[in-house]
>>> print(open('coords_2.pdb').read())   # PDB, C-alpha atoms
ATOM      1  CA  MET A   1      76.542-109.470  92.715  1.00  0.00           C
ATOM      2  CA  THR A   2      73.826-110.372  90.274  1.00  0.00           C
ATOM      3  CA  THR A   3      74.847-109.940  86.666  1.00  0.00           C
ATOM      4  CA  PRO A   4      72.480-108.357  84.094  1.00  0.00           C
ATOM      5  CA  ALA A   5      72.354-111.658  82.183  1.00  0.00           C
ATOM      6  CA  LYS A   6      71.214-113.631  85.269  1.00  0.00           C
ATOM      7  CA  THR A   7      68.608-110.966  86.035  1.00  0.00           C
ATOM      8  CA  SER A   8      67.184-111.248  82.508  1.00  0.00           C
ATOM      9  CA  LEU A   9      66.971-115.052  82.721  1.00  0.00           C
ATOM     10  CA  PHE A  10      65.211-114.816  86.099  1.00  0.00           C
ATOM     11  CA  LEU A  11      62.594-112.364  84.753  1.00  0.00           C
ATOM     12  CA  LEU A  12      61.966-114.488  81.657  1.00  0.00           C
ATOM     13  CA  ALA A  13      61.329-117.535  83.851  1.00  0.00           C
ATOM     14  CA  ILE A  14      58.835-115.622  86.017  1.00  0.00           C
ATOM     15  CA  PHE A  15      56.880-114.321  83.017  1.00  0.00           C
ATOM     16  CA  GLY A  16      56.888-117.773  81.436  1.00  0.00           C
ATOM     17  CA  MET A  17      55.336-119.309  84.573  1.00  0.00           C
ATOM     18  CA  ALA A  18      52.702-116.568  84.695  1.00  0.00           C
ATOM     19  CA  GLY A  19      51.757-117.174  81.066  1.00  0.00           C
ATOM     20  CA  THR A  20      51.315-120.884  81.763  1.00  0.00           C
ATOM     21  CA  ILE A  21      49.074-120.195  84.766  1.00  0.00           C
ATOM     22  CA  PHE A  22      46.798-117.743  82.935  1.00  0.00           C
ATOM     23  CA  ALA A  23      46.528-120.055  79.929  1.00  0.00           C
ATOM     24  CA  GLN A  24      44.694-122.779  81.928  1.00  0.00           C
ATOM     25  CA  PRO A  25      41.072-123.384  80.756  1.00  0.00           C
ATOM     26  CA  SER A  26      38.286-122.011  82.903  1.00  0.00           C
ATOM     27  CA  GLY A  27      35.415-124.247  81.866  1.00  0.00           C
ATOM     28  CA  GLY A  28      34.937-122.884  78.368  1.00  0.00           C
ATOM     29  CA  GLU A  29      35.325-124.671  75.076  1.00  0.00           C
ATOM     30  CA  GLY A  30      38.047-127.277  75.141  1.00  0.00           C
ATOM     31  CA  SER A  31      38.071-127.611  78.932  1.00  0.00           C
ATOM     32  CA  SER A  32      37.502-130.785  80.931  1.00  0.00           C
ATOM     33  CA  GLY A  33      33.783-129.962  81.313  1.00  0.00           C
ATOM     34  CA  TYR A  34      33.912-127.998  84.567  1.00  0.00           C
ATOM     35  CA  GLY A  35      32.169-124.630  84.517  1.00  0.00           C
ATOM     36  CA  ASN A  36      33.056-121.511  86.427  1.00  0.00           C
ATOM     37  CA  SER A  37      31.133-122.809  89.426  1.00  0.00           C
ATOM     38  CA  GLY A  38      33.349-125.879  89.635  1.00  0.00           C
ATOM     39  CA  SER A  39      30.479-128.328  89.077  1.00  0.00           C
ATOM     40  CA  TYR A  40      30.541-130.932  86.323  1.00  0.00           C
ATOM     41  CA  ASP A  41      27.760-131.094  83.772  1.00  0.00           C
ATOM     42  CA  THR A  42      26.753-134.742  83.340  1.00  0.00           C
ATOM     43  CA  THR A  43      23.657-134.152  81.197  1.00  0.00           C
ATOM     44  CA  PRO A  44      24.031-135.759  77.736  1.00  0.00           C
ATOM     45  CA  ALA A  45      24.179-133.081  75.043  1.00  0.00           C
ATOM     46  CA  THR A  46      21.525-134.704  72.841  1.00  0.00           C
ATOM     47  CA  SER A  47      18.946-135.593  75.478  1.00  0.00           C
ATOM     48  CA  SER A  48      15.845-133.875  76.786  1.00  0.00           C
ATOM     49  CA  PHE A  49      14.887-135.167  80.228  1.00  0.00           C
ATOM     50  CA  VAL A  50      11.372-134.531  81.484  1.00  0.00           C
ATOM     51  CA  GLY A  51      11.675-132.849  84.864  1.00  0.00           C
ATOM     52  CA  ALA A  52      15.440-132.489  84.532  1.00  0.00           C
ATOM     53  CA  GLY A  53      15.515-128.748  83.924  1.00  0.00           C
ATOM     54  CA  ALA A  54      16.217-127.024  80.616  1.00  0.00           C
ATOM     55  CA  SER A  55      15.891-129.083  77.454  1.00  0.00           C
ATOM     56  CA  ASN A  56      18.985-129.692  75.355  1.00  0.00           C
ATOM     57  CA  LEU A  57      16.987-131.162  72.485  1.00  0.00           C
ATOM     58  CA  GLY A  58      16.048-127.768  71.082  1.00  0.00           C
ATOM     59  CA  ALA A  59      12.743-126.047  70.415  1.00  0.00           C
ATOM     60  CA  VAL A  60      12.249-127.530  66.935  1.00  0.00           C
ATOM     61  CA  ALA A  61      12.783-131.139  68.004  1.00  0.00           C
ATOM     62  CA  GLY A  62      10.768-130.705  71.203  1.00  0.00           C
ATOM     63  CA  ASN A  63       7.875-129.154  69.286  1.00  0.00           C
ATOM     64  CA  TYR A  64       7.899-131.747  66.511  1.00  0.00           C
ATOM     65  CA  VAL A  65       4.482-133.406  66.299  1.00  0.00           C
ATOM     66  CA  LEU A  66       4.767-137.190  66.316  1.00  0.00           C
ATOM     67  CA  LYS A  67       2.877-138.787  63.456  1.00  0.00           C
ATOM     68  CA  PRO A  68       1.509-142.267  62.813  1.00  0.00           C
ATOM     69  CA  LEU A  69       4.185-144.526  61.282  1.00  0.00           C
ATOM     70  CA  ASP A  70       7.074-142.459  62.691  1.00  0.00           C
ATOM     71  CA  SER A  71       9.811-144.709  64.099  1.00  0.00           C
ATOM     72  CA  ILE A  72      11.086-143.742  67.548  1.00  0.00           C
ATOM     73  CA  VAL A  73      13.402-144.852  70.342  1.00  0.00           C
ATOM     74  CA  ILE A  74      12.267-144.235  73.933  1.00  0.00           C
ATOM     75  CA  THR A  75      14.922-144.273  76.658  1.00  0.00           C
ATOM     76  CA  PHE A  76      14.755-143.872  80.433  1.00  0.00           C
ATOM     77  CA  PHE A  77      17.623-142.255  82.346  1.00  0.00           C
ATOM     78  CA  GLN A  78      19.521-144.985  84.252  1.00  0.00           C
ATOM     79  CA  GLU A  79      16.876-147.584  83.300  1.00  0.00           C
ATOM     80  CA  PRO A  80      18.303-149.322  80.194  1.00  0.00           C
ATOM     81  CA  THR A  81      15.948-152.327  80.480  1.00  0.00           C
ATOM     82  CA  LEU A  82      12.995-150.067  79.653  1.00  0.00           C
ATOM     83  CA  GLU A  83      14.444-148.792  76.366  1.00  0.00           C
ATOM     84  CA  THR A  84      11.840-149.280  73.639  1.00  0.00           C
ATOM     85  CA  GLN A  85      12.094-149.111  69.861  1.00  0.00           C
ATOM     86  CA  ALA A  86       8.686-148.626  68.306  1.00  0.00           C
ATOM     87  CA  ARG A  87       6.807-147.517  65.245  1.00  0.00           C
ATOM     88  CA  ILE A  88       3.764-145.438  66.029  1.00  0.00           C
ATOM     89  CA  SER A  89       0.705-147.293  64.779  1.00  0.00           C
ATOM     90  CA  ALA A  90      -1.912-145.861  62.461  1.00  0.00           C
ATOM     91  CA  ASP A  91      -4.118-144.994  65.445  1.00  0.00           C
ATOM     92  CA  GLY A  92      -1.228-143.161  67.165  1.00  0.00           C
ATOM     93  CA  SER A  93      -0.514-145.800  69.808  1.00  0.00           C
ATOM     94  CA  ILE A  94       2.653-147.533  71.008  1.00  0.00           C
ATOM     95  CA  SER A  95       3.097-150.480  73.354  1.00  0.00           C
ATOM     96  CA  MET A  96       5.305-149.921  76.409  1.00  0.00           C
ATOM     97  CA  PRO A  97       6.650-152.453  78.929  1.00  0.00           C
ATOM     98  CA  MET A  98       4.452-152.858  82.031  1.00  0.00           C
ATOM     99  CA  VAL A  99       2.095-149.952  81.253  1.00  0.00           C
ATOM    100  CA  GLY A 100       0.746-151.236  77.923  1.00  0.00           C
ATOM    101  CA  GLU A 101      -0.556-149.020  75.126  1.00  0.00           C
ATOM    102  CA  LEU A 102      -0.179-145.248  75.166  1.00  0.00           C
ATOM    103  CA  ILE A 103      -1.525-142.816  72.563  1.00  0.00           C
ATOM    104  CA  ILE A 104       1.232-140.385  71.525  1.00  0.00           C
ATOM    105  CA  GLY A 105       0.365-139.787  67.854  1.00  0.00           C
ATOM    106  CA  ASN A 106      -0.265-136.111  67.038  1.00  0.00           C
ATOM    107  CA  MET A 107       1.445-135.066  70.295  1.00  0.00           C
ATOM    108  CA  THR A 108       4.638-133.028  70.435  1.00  0.00           C
ATOM    109  CA  VAL A 109       7.816-134.816  71.471  1.00  0.00           C
ATOM    110  CA  SER A 110       7.842-132.853  74.744  1.00  0.00           C
ATOM    111  CA  ASP A 111       4.219-133.728  75.576  1.00  0.00           C
ATOM    112  CA  ALA A 112       4.729-137.398  74.679  1.00  0.00           C
ATOM    113  CA  GLN A 113       7.797-137.574  76.938  1.00  0.00           C
ATOM    114  CA  LYS A 114       5.735-136.170  79.803  1.00  0.00           C
ATOM    115  CA  LEU A 115       2.865-138.587  79.123  1.00  0.00           C
ATOM    116  CA  ILE A 116       5.187-141.600  79.222  1.00  0.00           C
ATOM    117  CA  ALA A 117       6.970-140.338  82.329  1.00  0.00           C
ATOM    118  CA  ASP A 118       3.626-139.869  84.111  1.00  0.00           C
ATOM    119  CA  ALA A 119       2.562-143.413  83.174  1.00  0.00           C
ATOM    120  CA  TYR A 120       5.597-144.870  84.985  1.00  0.00           C
ATOM    121  CA  ARG A 121       5.762-142.417  87.875  1.00  0.00           C
ATOM    122  CA  GLY A 122       4.709-143.844  91.241  1.00  0.00           C
ATOM    123  CA  ASP A 123       3.955-147.505  90.552  1.00  0.00           C
ATOM    124  CA  TYR A 124       7.179-148.296  88.680  1.00  0.00           C
ATOM    125  CA  LEU A 125       9.661-145.404  88.953  1.00  0.00           C
ATOM    126  CA  ILE A 126      10.064-142.610  91.486  1.00  0.00           C
ATOM    127  CA  ASN A 127      11.074-139.813  89.118  1.00  0.00           C
ATOM    128  CA  PRO A 128      11.356-141.094  85.526  1.00  0.00           C
ATOM    129  CA  HIS A 129      13.310-139.059  82.974  1.00  0.00           C
ATOM    130  CA  VAL A 130      12.205-139.944  79.433  1.00  0.00           C
ATOM    131  CA  THR A 131      13.808-139.149  76.080  1.00  0.00           C
ATOM    132  CA  ILE A 132      12.178-139.723  72.678  1.00  0.00           C
ATOM    133  CA  ILE A 133      14.378-139.771  69.584  1.00  0.00           C
ATOM    134  CA  VAL A 134      12.721-139.901  66.162  1.00  0.00           C
ATOM    135  CA  THR A 135      14.780-142.282  64.012  1.00  0.00           C
ATOM    136  CA  ALA A 136      12.581-142.190  60.882  1.00  0.00           C
ATOM    137  CA  TYR A 137       9.920-139.670  59.950  1.00  0.00           C
ATOM    138  CA  GLN A 138       6.755-140.587  58.112  1.00  0.00           C
ATOM    139  CA  GLN A 139       7.194-138.875  54.761  1.00  0.00           C
ATOM    140  CA  ARG A 140       4.706-136.110  53.941  1.00  0.00           C
ATOM    141  CA  GLN A 141       4.359-134.577  50.513  1.00  0.00           C
ATOM    142  CA  ILE A 142       2.215-132.410  48.288  1.00  0.00           C
ATOM    143  CA  PHE A 143       2.004-132.383  44.499  1.00  0.00           C
ATOM    144  CA  VAL A 144       2.371-129.397  42.168  1.00  0.00           C
ATOM    145  CA  HIS A 145       0.774-129.615  38.707  1.00  0.00           C
ATOM    146  CA  GLY A 146       0.575-127.336  35.701  1.00  0.00           C
ATOM    147  CA  HIS A 147       2.634-124.307  34.777  1.00  0.00           C
ATOM    148  CA  VAL A 148       5.661-124.589  37.078  1.00  0.00           C
ATOM    149  CA  HIS A 149       9.192-125.386  35.976  1.00  0.00           C
ATOM    150  CA  LYS A 150       9.453-128.633  37.951  1.00  0.00           C
ATOM    151  CA  PRO A 151       6.005-130.194  38.400  1.00  0.00           C
ATOM    152  CA  GLY A 152       5.751-133.184  40.697  1.00  0.00           C
ATOM    153  CA  PRO A 153       5.982-134.044  44.384  1.00  0.00           C
ATOM    154  CA  VAL A 154       7.360-131.603  46.959  1.00  0.00           C
ATOM    155  CA  PHE A 155       8.229-132.996  50.368  1.00  0.00           C
ATOM    156  CA  ILE A 156       7.109-131.311  53.576  1.00  0.00           C
ATOM    157  CA  PRO A 157       9.976-130.919  56.080  1.00  0.00           C
ATOM    158  CA  PRO A 158       9.462-133.249  59.059  1.00  0.00           C
ATOM    159  CA  GLU A 159      10.105-130.587  61.688  1.00  0.00           C
ATOM    160  CA  ARG A 160       7.848-127.797  60.378  1.00  0.00           C
ATOM    161  CA  GLU A 161       5.021-126.900  58.015  1.00  0.00           C
ATOM    162  CA  LEU A 162       5.234-125.966  54.326  1.00  0.00           C
ATOM    163  CA  THR A 163       3.547-122.932  52.793  1.00  0.00           C
ATOM    164  CA  LEU A 164       2.114-122.497  49.305  1.00  0.00           C
ATOM    165  CA  THR A 165       4.790-120.013  48.229  1.00  0.00           C
ATOM    166  CA  GLU A 166       7.552-122.344  49.469  1.00  0.00           C
ATOM    167  CA  ALA A 167       6.049-125.278  47.578  1.00  0.00           C
ATOM    168  CA  ILE A 168       5.836-123.338  44.322  1.00  0.00           C
ATOM    169  CA  ASN A 169       9.380-122.081  44.810  1.00  0.00           C
ATOM    170  CA  ASN A 170      10.578-125.665  45.412  1.00  0.00           C
ATOM    171  CA  ALA A 171       8.831-126.639  42.178  1.00  0.00           C
ATOM    172  CA  GLY A 172      11.047-124.166  40.323  1.00  0.00           C
ATOM    173  CA  GLY A 173       8.584-121.272  40.339  1.00  0.00           C
ATOM    174  CA  VAL A 174       5.751-120.538  37.942  1.00  0.00           C
ATOM    175  CA  THR A 175       6.283-120.174  34.218  1.00  0.00           C
ATOM    176  CA  ARG A 176       5.501-116.980  32.285  1.00  0.00           C
ATOM    177  CA  MET A 177       2.279-118.636  31.089  1.00  0.00           C
ATOM    178  CA  ALA A 178       1.021-119.352  34.614  1.00  0.00           C
ATOM    179  CA  ARG A 179      -2.242-117.902  35.869  1.00  0.00           C
ATOM    180  CA  LYS A 180      -0.938-116.603  39.183  1.00  0.00           C
ATOM    181  CA  GLY A 181      -4.189-114.889  40.096  1.00  0.00           C
ATOM    182  CA  ASN A 182      -6.038-118.193  40.521  1.00  0.00           C
ATOM    183  CA  ILE A 183      -3.884-120.944  42.019  1.00  0.00           C
ATOM    184  CA  LYS A 184      -6.016-123.910  43.123  1.00  0.00           C
ATOM    185  CA  ILE A 185      -5.351-126.186  46.079  1.00  0.00           C
ATOM    186  CA  ARG A 186      -7.266-129.460  45.951  1.00  0.00           C
ATOM    187  CA  ARG A 187      -7.550-130.901  49.466  1.00  0.00           C
ATOM    188  CA  LEU A 188      -9.184-134.021  50.875  1.00  0.00           C
ATOM    189  CA  THR A 189     -10.931-133.186  54.155  1.00  0.00           C
ATOM    190  CA  GLU A 190     -11.123-135.442  57.216  1.00  0.00           C
ATOM    191  CA  GLU A 191     -14.690-136.249  56.212  1.00  0.00           C
ATOM    192  CA  GLY A 192     -13.445-137.616  52.870  1.00  0.00           C
ATOM    193  CA  LYS A 193     -14.747-134.712  50.787  1.00  0.00           C
ATOM    194  CA  THR A 194     -12.742-132.739  48.226  1.00  0.00           C
ATOM    195  CA  GLU A 195     -12.224-129.048  48.981  1.00  0.00           C
ATOM    196  CA  ILE A 196     -10.970-126.502  46.427  1.00  0.00           C
ATOM    197  CA  ILE A 197      -9.113-123.452  47.769  1.00  0.00           C
ATOM    198  CA  GLU A 198      -8.429-120.604  45.306  1.00  0.00           C
ATOM    199  CA  VAL A 199      -5.476-118.311  45.990  1.00  0.00           C
ATOM    200  CA  ASP A 200      -4.198-115.174  44.273  1.00  0.00           C
ATOM    201  CA  LEU A 201      -0.441-115.742  44.389  1.00  0.00           C
ATOM    202  CA  ASP A 202       0.344-112.102  43.553  1.00  0.00           C
ATOM    203  CA  GLU A 203      -1.651-110.921  46.577  1.00  0.00           C
ATOM    204  CA  VAL A 204       0.167-113.342  48.882  1.00  0.00           C
ATOM    205  CA  LEU A 205       3.548-112.192  47.572  1.00  0.00           C
ATOM    206  CA  GLU A 206       2.849-108.464  47.491  1.00  0.00           C
ATOM    207  CA  ASP A 207       0.403-107.812  50.350  1.00  0.00           C
ATOM    208  CA  PRO A 208       2.031-108.181  53.806  1.00  0.00           C
ATOM    209  CA  ASP A 209      -1.429-108.551  55.364  1.00  0.00           C
ATOM    210  CA  GLN A 210      -2.342-111.474  53.106  1.00  0.00           C
ATOM    211  CA  PRO A 211      -1.450-114.727  54.923  1.00  0.00           C
ATOM    212  CA  ASP A 212       0.338-117.545  53.150  1.00  0.00           C
ATOM    213  CA  ILE A 213      -1.452-120.899  52.980  1.00  0.00           C
ATOM    214  CA  ILE A 214      -0.202-123.745  55.184  1.00  0.00           C
ATOM    215  CA  LEU A 215      -0.295-126.934  53.134  1.00  0.00           C
ATOM    216  CA  ARG A 216      -1.327-130.379  54.334  1.00  0.00           C
ATOM    217  CA  ASP A 217      -0.029-133.811  53.467  1.00  0.00           C
ATOM    218  CA  GLY A 218      -1.535-134.925  50.148  1.00  0.00           C
ATOM    219  CA  ASP A 219      -2.580-131.463  48.924  1.00  0.00           C
ATOM    220  CA  GLN A 220      -2.668-130.998  45.142  1.00  0.00           C
ATOM    221  CA  ILE A 221      -1.599-127.579  43.822  1.00  0.00           C
ATOM    222  CA  ILE A 222      -2.843-126.734  40.345  1.00  0.00           C
ATOM    223  CA  VAL A 223      -1.309-123.856  38.392  1.00  0.00           C
ATOM    224  CA  ASP A 224      -3.448-123.216  35.320  1.00  0.00           C
ATOM    225  CA  GLU A 225      -2.457-121.426  32.128  1.00  0.00           C
ATOM    226  CA  ARG A 226      -3.305-117.744  32.109  1.00  0.00           C
ATOM    227  CA  ILE A 227      -5.964-116.413  29.808  1.00  0.00           C
ATOM    228  CA  ILE A 228      -4.429-114.379  26.995  1.00  0.00           C
TER     229      ILE A 228
END
>>> encode(input="coords_2.pdb", output="structure tokens")
Amino acid sequence: MTTPAKTSLFLLAIFGMAGTIFAQPSGGEGSSGYGNSGSYDTTPATSSFVGAGASNLGAVAGNYVLKPLDSIVITFFQEPTLETQARISADGSISMPMVGELIIGNMTVSDAQKLIADAYRGDYLINPHVTIIVTAYQQRQIFVHGHVHKPGPVFIPPERELTLTEAINNAGGVTRMARKGNIKIRRLTEEGKTEIIEVDLDEVLEDPDQPDIILRDGDQIIVDERII
């Protein structure tokens, strides 16, 4: 006859085994890397392969516009001998093994990866997968002068643009003596001429239909003293 104590021990053992079984990972966080389908994901988490499906690099990095003097590393999946470290020249070009010079300046990372992959496809590689990593960004900045709390340079983030209101905010905001109705942006055009853009800061801040101004590298923002 089975005693109540033996029955209790038997039930505890069964429930303990069941808990161990249901506690096994199913491909989520902390698992060995297998998903629910049973396949193993071998794609590096920080890479973006052209033609390899969805990008893991992220929209911001993929949409970053490469600029002259940016430093980059170019890698090819399973082709380590082609890895290239380069600094984009002033004219936007880089020199690549076998294919020579390619112009990638002012292209997005995604477009530049495709351009390089296309240059090697066929004659050198069957289906090249290219990754570009930016190791050093060319610094961009604007300058804020006049009646702000922290006049001086303001750096433009490498991965996006900077607006006038952001720049003034980064300069500590305007002082109580600032002439907010007539902020001037002094800009050097591509033709080498100086352009003056006048902006009513109050309108930009208060009118949702009034667009903010996208600043360019080298812009000078002048905040004059208001007329009393």
>>> closest_residue(input="coords_2.pdb", among="A:Val73, A:Ile222, A:Ala86, A:Val109", to="Ala167 in chain A", atoms="all atoms listed in the file")
A:Ile222
>>> residues_near_point(input="coords_2.pdb", point="(-1.8, -121.0, 40.6)", cutoff="7 Å", atoms="all atoms listed in the file", output="PyMOL selection string")
chain A and resi 178-184+201+222-224
>>> residues_around(input="coords_2.pdb", residues="Met96 in chain A", least_positions_apart="6", cutoff="10 Å", atoms="only C-alpha atoms", output="number ranges by chain")
A: 74, 82-86, 102, 116, 119-120
>>> resolve_selection(input="coords_2.pdb", expression="the PyMOL selection byres ((chain A and resi 176) around 10)", output="number ranges by chain")
A: 147-149, 173-175, 177-180, 225-226
>>> resolve_selection(input="coords_2.pdb", expression="the PyMOL selection byres ((chain A and resi 101) around 12)", output="PyMOL selection string")
chain A and resi 86+88-89+91-100+102-105+115-116+119
>>> resolve_selection(input="coords_2.pdb", expression="the PyMOL selection byres ((chain A and resi 140) around 12)", output="ChimeraX atom specification")
/A:67-70,137-139,141-143,153-162,215-219
>>> closest_residue(input="coords_2.pdb", among="A:Thr108, A:Gln78, A:Gln113, A:Thr163", to="Leu125 in chain A", atoms="only C-alpha atoms")
A:Gln78
>>> atom_distance(input="coords_2.pdb", atom1="CA of Pro128 in chain A", atom2="CA of Glu79 in chain A")
8.8 Å
>>> residues_around(input="coords_2.pdb", residues="Ile196 in chain A", least_positions_apart="6", cutoff="10 Å", atoms="only C-alpha atoms", output="VMD selection string")
chain A and resid 184 to 188 220 to 221
>>> atom_distance(input="coords_2.pdb", atom1="CA of Thr189 in chain A", atom2="CA of Glu166 in chain A")
21.9 Å
